[in-house]
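Reviewing the structure listed below.
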Amino acid sequence: MDDTIRRYLVDTLLIEFGDDGSAVSEDANLFESGLIDSFGFVQLVAFLEKTFDIKISDEEVLSDALSSFAKIRSFVEGKVAS
Amino acid sequence: MSAPAAGEVRLCVRCVLPSTFPGISFDARGLCSLCQDAPPAPEFEKIRGDLRRKLEAVFDANRGKAEYDVIVAFSGGKDSSYTLMALTRTYGLKCLAVTIDNGFIAEQAQKNLRAVTSSLGIDFLLFTPAPVFMHHLYKTSATTPVHTKAALTRASSICNSCINLINNHMVKLALEKSVPIIAGGYIGGQVPKDSVIMVMDLDVQARFRSEAIKRYLKHFGPDAEGYFGIGDTLVARSALRKINIVNPMLAFGVSEERIIEEISELGWRKTADTGSNSTNCLLNDLGIAVHYKQHRYNPYVNEIAEQVRTGLMSREDAIHKVQDIPDFARVERQARAIGLEWGDV
């Protein structure tokens with residue numbers, strides 16, 4: 001799951017994760033840092049719903065649950081387990 | 001300037017995406033990662049048929065609810081002209097055509113705006129933002145990283161800024177007039193695949209807009225608020241909580257030749273001065289030249305590759321279009337018009 005989400009963010013939304021200063025950390029807010037725009041967010045939600053067979057509600061979309069890689073991973077893990 | 005020959009930059013053997021395209025990889029057969037996951041071209045017609053039925057359901061659910069059924073972002077180019085014609089004639093929707101005059105609409109395209117709307121017998125609004133702001137917007141977009149990397153795979157930075165301004169204006173109009181649908185003329189590759197129908201929740205959109213506005217104010221100055229913002233009062237006053245954003249061209253599946261043939265009946269004529277990839281905007285080639293200098297791939301390649309992948313364009317035509325990269329001499333007049341020096345790019 002971790003690798004699937006990471007690959008999507010890297011390959012499709014072109015976010016470069018890493019430890020050096022120029023790369024993005026797993027906890028970085030992807031919206032505030034301008035790495036995901038509204039189109040990207042629509043794509044991300046559709047990808048997560050289709051890939052992991054989950055439903056993401058309007059409330060969850062409006063929450064902070066999908067704002068960073070770490071939060072996305074935790075959110076999807078919780079959804080899949082429930 | 002011409003793009004590197006196929007031997008210098010690897011091209012996908014099916015769709016023409018180049019090895020310089022971000023996030024792309026190739027398998028042993030020479031297929032790019034997007035083509036590896038794509039069905040054969042003939043299967044796309046079934047996919048488009050399903051999408052057309054979903055579109056019809058959205059149209060049926062919203063027809064007759066407001067002064068207009070749909071606002072169409074109408075550039076006067078071939079795709080938005082075809083969209084306007086199809087929504088009016090095929091689906092019987094009451095359309096309001098809205099054009100943003102960015103100051104670079106070709107003379108023939110201006111005639112096309114009038115010819116198409118007049119032939120279809122529909123209302124037409126033209127909005128002209130202040131040229132001083134638009135020139136600053138374009139120059140800054142050409143010299144500063146304003147947009148996400150993913151957005152730049154769909155259009156040049158100059159086009160992205162313009163598109164975002166246009167989209168925002170359409171949302172404001174929809175709110176003012178309580179129009180439940182906004183239609184764009186975007187084709188495959190210009191927008192994400194899932195965007196034939198997108199339901200825009202105004203609360204969700206507000207979140208992205210607030211982040212985007214911060215960047216736009218920083219890059220484009222205080223006037224950006226008026227062009228990229230949507231006042232809370234307008235949102236609160238509107239009866240709409242959600243707006244259907246549709247891109248019907250993704251479901252139509254028509255070739256460029258057929259589009260031009262059909263809209264010619266409306267009096268639409270092809271421009272001769274807008275380059276290989278635009279049928280309305282004189283600034284388009286500058287956007288391509290700048291993008292190619294910065295990123296080493298044609299910003300239209302994603303769209304063109306998708307047309308090939310889905311069987312709407314031949315690979316030969318695609319290679320011709322992708323490798324037509326304007327040199328500076330071809331775009332110098334437009335660059336000067338927005339105060340851009342080639343060395344600043």
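Going by the structure tokens order, chains are called A, B, ..., each with residues numbered from 1, while ligands are numbered from 1 in the order shown.
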
Show me which bits of chain A are within 7 Å of chain B, counting only C-alpha atoms, as a tab-separated table (two decimals) with C-alpha atoms, in the first residue's frame.
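Writing done, so here's iface-v4.tsv:
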chain	number	residue	atom	x	y	z
A	11	ASP	CA	4.74	9.16	-11.17
A	12	THR	CA	1.43	10.95	-11.74
A	13	LEU	CA	1.48	14.04	-9.52
A	14	LEU	CA	5.27	14.35	-9.93
A	31	PHE	CA	-1.72	21.69	-0.65
A	32	GLU	CA	-0.04	24.47	1.27
A	34	GLY	CA	1.47	24.05	-3.89
A	35	LEU	CA	2.33	20.48	-4.95
A	36	ILE	CA	-1.28	19.43	-5.57
A	37	ASP	CA	-3.90	21.63	-7.23
A	38	SER	CA	-7.63	21.01	-7.50
A	43	GLN	CA	-7.29	12.61	-9.54
A	62	LEU	CA	-12.91	18.49	3.43

Open item on the list: Using DSSP assignments from the backbone, pull out every residue in stretch 159-212 of chain B that falls under alpha helix (DSSP H) and give it to me as an NGL selection string.
Closed with: :B and (159-177 or 202-212)

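With only C-alpha atoms as the atoms that count, the minimum distance from B:Ala86 to the choices B:Gly103, B:Leu266, B:Glu257, B:Cys35 is reached by B:Leu266.
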
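Using only C-alpha atoms, the residues found no farther than 12 Å from A:Ser25, other than those of its own chain fewer than 2 positions away, are Arg6, Ile15, Glu16, Phe17, Gly18, Asp19, Asp20, Gly21, Ser22, Ala23, Asp27, Ala28, Asn29, Leu30, Ser33, Leu35, Ser68, Phe69, Ala70 and Lys71 of chain A.
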
Surrounding residues of stretch 227-232 of chain B excluding itself and chain neighbours under 3 positions, 6 Å, only C-alpha atoms, as a compact mmCIF listing (two decimals) with N, CA and C atoms, in the first residue's frame:
# COMPACT_ATOMS: atom_id res chain seq x y z
N LEU B 165 -7.61 31.42 -14.95
CA LEU B 165 -8.38 32.68 -14.92
C LEU B 165 -9.75 32.47 -15.58
N ASN B 168 -12.06 30.31 -13.41
CA ASN B 168 -12.58 31.06 -12.27
C ASN B 168 -13.71 32.00 -12.69
N ALA B 224 -4.67 40.15 -8.75
CA ALA B 224 -4.99 38.72 -8.94
C ALA B 224 -6.23 38.32 -8.16
N VAL B 235 -20.59 33.37 -3.06
CA VAL B 235 -20.84 31.95 -2.75
C VAL B 235 -22.05 31.82 -1.82
